[in-house]
$ cat coords06.cif   # mmCIF, C-alpha atoms
data_structure
#
loop_
_atom_site.label_atom_id
_atom_site.label_comp_id
_atom_site.auth_asym_id
_atom_site.auth_seq_id
_atom_site.Cartn_x
_atom_site.Cartn_y
_atom_site.Cartn_z
CA MET Y 1 5.99 1.14 -0.25
CA ARG Y 2 5.56 0.59 -3.98
CA VAL Y 3 8.79 0.35 -6.00
CA LEU Y 4 9.47 0.28 -9.72
CA GLY Y 5 12.48 -1.86 -10.62
CA VAL Y 6 14.15 -1.41 -14.00
CA ASP Y 7 16.65 -3.85 -15.52
CA PRO Y 8 17.85 -1.60 -18.34
CA GLY Y 9 18.40 -2.77 -21.87
CA LEU Y 10 17.68 -1.43 -25.32
CA THR Y 11 16.37 -4.60 -26.90
CA ARG Y 12 14.76 -5.96 -23.70
CA CYS Y 13 14.18 -3.76 -20.66
CA GLY Y 14 12.73 -5.48 -17.62
CA VAL Y 15 10.13 -3.47 -15.72
CA GLY Y 16 8.64 -4.67 -12.44
CA VAL Y 17 6.57 -3.11 -9.69
CA VAL Y 18 6.28 -4.61 -6.23
CA GLU Y 19 4.72 -3.47 -3.00
CA GLY Y 20 6.13 -4.21 0.42
CA ARG Y 21 7.93 -3.12 3.55
CA PRO Y 22 11.35 -4.06 4.90
CA GLY Y 23 11.26 -7.43 6.66
CA ARG Y 24 7.91 -8.37 5.13
CA PRO Y 25 7.01 -10.33 2.02
CA CYS Y 26 6.54 -8.27 -1.13
CA LYS Y 27 3.58 -8.50 -3.48
CA LEU Y 28 3.73 -8.45 -7.28
CA VAL Y 29 1.93 -5.45 -8.74
CA HIS Y 30 3.12 -5.51 -12.37
CA VAL Y 31 5.83 -7.00 -14.57
CA GLU Y 32 6.68 -6.69 -18.25
CA VAL Y 33 9.56 -6.51 -20.67
CA VAL Y 34 9.68 -3.47 -22.92
CA THR Y 35 11.22 -4.41 -26.25
CA SER Y 36 12.54 -2.48 -29.23
CA ASP Y 37 13.68 -3.51 -32.65
CA PRO Y 38 17.48 -3.35 -32.96
CA ASP Y 39 17.04 -2.14 -36.55
CA MET Y 40 15.20 1.01 -35.41
CA ASP Y 41 17.04 4.30 -35.00
CA LEU Y 42 18.44 4.75 -31.50
CA PRO Y 43 16.45 7.91 -30.70
CA LEU Y 44 13.19 6.12 -31.51
CA ARG Y 45 14.14 3.13 -29.36
CA LEU Y 46 14.94 5.39 -26.40
CA LEU Y 47 11.75 7.40 -26.95
CA GLY Y 48 9.65 4.23 -26.94
CA LEU Y 49 11.22 3.14 -23.65
CA ASP Y 50 10.71 6.59 -22.15
CA GLU Y 51 7.05 6.66 -23.16
CA ARG Y 52 6.37 3.20 -21.73
CA LEU Y 53 8.14 3.95 -18.45
CA ALA Y 54 6.10 7.17 -18.11
CA GLU Y 55 2.93 5.10 -18.59
CA VAL Y 56 4.02 2.57 -15.96
CA VAL Y 57 4.82 5.34 -13.47
CA GLN Y 58 1.44 6.99 -14.17
CA GLU Y 59 -0.51 3.72 -13.90
CA PHE Y 60 1.17 2.14 -10.86
CA SER Y 61 2.30 5.21 -8.86
CA PRO Y 62 5.56 3.89 -7.38
CA ALA Y 63 7.11 5.78 -4.46
CA SER Y 64 10.62 5.21 -5.79
CA VAL Y 65 12.62 3.62 -8.58
CA ALA Y 66 15.47 1.09 -8.44
CA VAL Y 67 17.70 0.79 -11.50
CA GLU Y 68 20.50 -1.66 -12.12
CA ARG Y 69 23.85 0.12 -12.15
CA VAL Y 70 25.72 -0.46 -15.39
CA PHE Y 71 28.84 -2.49 -14.86
CA SER Y 72 31.81 -2.97 -17.13
CA GLN Y 73 31.46 -5.66 -19.75
CA HIS Y 74 33.72 -6.68 -22.57
CA ASN Y 75 31.20 -5.63 -25.22
CA VAL Y 76 31.30 -1.80 -25.26
CA ARG Y 77 28.28 -1.60 -27.56
CA THR Y 78 26.18 -3.58 -25.07
CA VAL Y 79 27.37 -1.42 -22.17
CA MET Y 80 26.47 1.78 -24.06
CA GLY Y 81 22.95 0.56 -24.86
CA THR Y 82 22.41 -0.56 -21.28
CA ALA Y 83 23.70 2.77 -19.95
CA GLN Y 84 21.44 4.71 -22.32
CA ALA Y 85 18.38 2.67 -21.28
CA GLY Y 86 19.33 3.14 -17.61
CA ALA Y 87 19.58 6.89 -18.14
CA VAL Y 88 16.10 6.90 -19.67
CA ALA Y 89 14.77 5.12 -16.56
CA ILE Y 90 16.49 7.62 -14.26
CA LEU Y 91 15.12 10.51 -16.31
CA ALA Y 92 11.58 9.06 -16.20
CA ALA Y 93 11.83 8.85 -12.41
CA ALA Y 94 13.21 12.39 -12.12
CA ARG Y 95 10.46 13.74 -14.37
CA ALA Y 96 7.89 12.17 -12.02
CA GLY Y 97 9.70 13.54 -8.95
CA LEU Y 98 10.61 10.06 -7.71
CA PRO Y 99 13.78 9.17 -5.83
CA VAL Y 100 16.13 6.78 -7.65
CA GLN Y 101 18.55 4.26 -6.23
CA LEU Y 102 21.13 2.38 -8.30
CA TYR Y 103 22.14 -1.17 -7.35
CA THR Y 104 24.91 -3.35 -8.73
CA PRO Y 105 23.99 -6.82 -9.91
CA SER Y 106 25.89 -8.37 -6.99
CA GLU Y 107 24.00 -6.19 -4.46
CA VAL Y 108 20.69 -7.37 -5.89
CA LYS Y 109 21.77 -11.02 -6.00
CA ALA Y 110 22.97 -10.86 -2.39
CA ALA Y 111 19.73 -9.24 -1.22
CA ILE Y 112 17.53 -11.74 -3.03
CA SER Y 113 19.45 -14.99 -2.64
CA GLY Y 114 22.10 -14.31 0.00
CA ASN Y 115 24.75 -14.95 -2.65
CA GLY Y 116 26.23 -12.04 -4.59
CA ASN Y 117 27.40 -14.50 -7.25
CA ALA Y 118 24.03 -16.19 -7.81
CA ASP Y 119 23.22 -17.05 -11.41
CA LYS Y 120 20.11 -15.95 -13.29
CA ALA Y 121 18.29 -19.22 -12.56
CA GLN Y 122 18.84 -18.78 -8.80
CA VAL Y 123 17.62 -15.17 -8.90
CA THR Y 124 14.53 -16.16 -10.89
CA ALA Y 125 13.79 -19.01 -8.47
CA MET Y 126 14.11 -16.73 -5.45
CA VAL Y 127 11.95 -14.00 -7.01
CA THR Y 128 9.31 -16.63 -7.77
CA ARG Y 129 9.43 -17.90 -4.19
CA LEU Y 130 9.59 -14.46 -2.53
CA LEU Y 131 6.62 -13.15 -4.49
CA ARG Y 132 4.76 -16.46 -4.08
CA LEU Y 133 4.23 -16.79 -7.81
CA GLU Y 134 2.98 -20.00 -9.39
CA VAL Y 135 4.98 -19.37 -12.56
CA ALA Y 136 8.45 -17.85 -12.80
CA PRO Y 137 8.61 -14.46 -14.51
CA ARG Y 138 10.08 -14.77 -18.01
CA PRO Y 139 12.35 -13.79 -19.60
CA ALA Y 140 15.14 -13.24 -17.07
CA ASP Y 141 14.90 -9.46 -17.61
CA ALA Y 142 11.46 -9.53 -15.97
CA ALA Y 143 12.74 -11.47 -12.96
CA ASP Y 144 15.75 -9.15 -12.68
CA ALA Y 145 13.49 -6.07 -12.61
CA LEU Y 146 11.42 -7.63 -9.82
CA ALA Y 147 14.61 -8.55 -7.94
CA LEU Y 148 15.72 -4.90 -8.13
CA ALA Y 149 12.39 -3.73 -6.75
CA ILE Y 150 12.47 -6.28 -3.90
CA CYS Y 151 16.08 -5.35 -3.11
CA HIS Y 152 15.07 -1.70 -2.87
CA VAL Y 153 12.11 -2.41 -0.60
CA TRP Y 154 14.34 -4.39 1.74
CA ARG Y 155 17.50 -2.26 1.57
CA GLY Y 156 16.37 1.08 0.23
CA GLY Y 157 13.59 1.76 2.68
CA ALA Y 158 16.04 2.69 5.41
CA ARG Y 159 18.08 4.84 2.99
CA GLU Y 160 14.99 6.78 1.98
CA ARG Y 161 13.94 7.40 5.60
CA ILE Y 162 17.41 8.71 6.44
CA SER Y 163 17.44 10.98 3.37
CA ALA Y 164 13.95 12.30 4.17
CA ALA Y 165 15.00 13.03 7.77
CA LEU Y 166 18.09 14.89 6.55
CA ARG Y 167 15.99 16.96 4.12
CA ARG Y 168 13.55 17.87 6.90
CA ALA Y 169 16.44 18.87 9.19
CA ARG Y 170 17.79 21.42 6.67
#
$ encode --input "coords06.cif" --output "structure tokens"
Amino acid sequence: MRVLGVDPGLTRCGVGVVEGRPGRPCKLVHVEVVTSDPDMDLPLRLLGLDERLAEVVQEFSPASVAVERVFSQHNVRTVMGTAQAGAVAILAAARAGLPVQLYTPSEVKAAISGNGNADKAQVTAMVTRLLRLEVAPRPADAADALALAICHVWRGGARERISAALRRAR
């Protein structure tokens, strides 16, 4: 199963694609950070993200998309930008007919490191180890996107099979 993981952000949006099956090591397919200039108009920033995500979906043909669920922060402006970027990722998946699963940061950290309170350095180290990379993905947004994709392969595979079975039963 090939999964696109998206760590949403307006200035830096992590995008990672991995391939794998539950209980098996995953393989890195693609990773990048989509950036936008904070001085640009919001609609243009969102459009740029949408266009790049559409290209990634077209090029790498993921079977599903995992997006980090926006959680409450003290900085409302940051939360709004993250939520808007997350919505663009969900829309890109829907436009391509792909199922989407949202994961909280603690769910991803627990899946990757066994510790729902792991810090960014621990997540990056585990992603590097799990994907057998020689160099850690940088910046942290890239590692977080890969962690989301790995989490979905390991946890989401069963969810998707159950959902598919329920759809067939209807």
$ residues_near_point --input "coords06.cif" --point "(21.3, -3.3, -14.5)" --cutoff "8 Å" --atoms "all atoms listed in the file" --output "number ranges by chain"
Y: 6-9, 67-71, 82, 86, 103-105
$ closest_residue --input "coords06.cif" --among "Y:Met40, Y:Cys13, Y:Leu146, Y:Leu47" --to "Leu91 of chain Y" --atoms "only C-alpha atoms"
Y:Leu47
$ resolve_selection --input "coords06.cif" --expression "the PyMOL selection byres ((chain Y and resi 151-153) around 7)" --output "list of chain:residue names"
Y:Val3, Y:Gly20, Y:Arg21, Y:Pro22, Y:Ala66, Y:Val108, Y:Ala111, Y:Ile112, Y:Ala147, Y:Leu148, Y:Ala149, Y:Ile150, Y:Trp154, Y:Arg155, Y:Gly156, Y:Gly157
$ atom_distance --input "coords06.cif" --atom1 "atom CA of Pro43 of chain Y" --atom2 "atom CA of Gly5 of chain Y"
22.7 Å
$ resolve_selection --input "coords06.cif" --expression "the PyMOL selection byres ((chain Y and resi 114-125) around 8)" --output "VMD selection string"
chain Y and resid 105 to 113 126 to 129 136 to 137 140 143 to 144 147
$ atom_distance --input "coords06.cif" --atom1 "atom CA of Ala85 of chain Y" --atom2 "atom CA of Thr35 of chain Y"
11.2 Å
$ resolve_selection --input "coords06.cif" --expression "the PyMOL selection byres ((chain Y and resi 51) around 12)" --output "number ranges by chain"
Y: 34, 44-50, 52-58, 88-89, 91-93, 95
$ atom_distance --input "coords06.cif" --atom1 "atom CA of Leu10 of chain Y" --atom2 "atom CA of Ala96 of chain Y"
21.4 Å
$ closest_residue --input "coords06.cif" --among "Y:Val65, Y:Leu42, Y:Glu59, Y:Cys26" --to "Met80 of chain Y" --atoms "only C-alpha atoms"
Y:Leu42
$ residues_around --input "coords06.cif" --residues "Val18 of chain Y" --least-positions-apart "3" --cutoff "6 Å" --atoms "only C-alpha atoms" --output "list of chain:residue names"
Y:Arg2, Y:Val3, Y:Lys27, Y:Leu28, Y:Val29
$ closest_residue --input "coords06.cif" --among "Y:Val15, Y:Val100, Y:Ala169, Y:Ala83" --to "Arg138 of chain Y" --atoms "only C-alpha atoms"
Y:Val15
$ closest_residue --input "coords06.cif" --among "Y:Ala87, Y:Arg12, Y:Pro62, Y:Val79" --to "His30 of chain Y" --atoms "only C-alpha atoms"
Y:Pro62
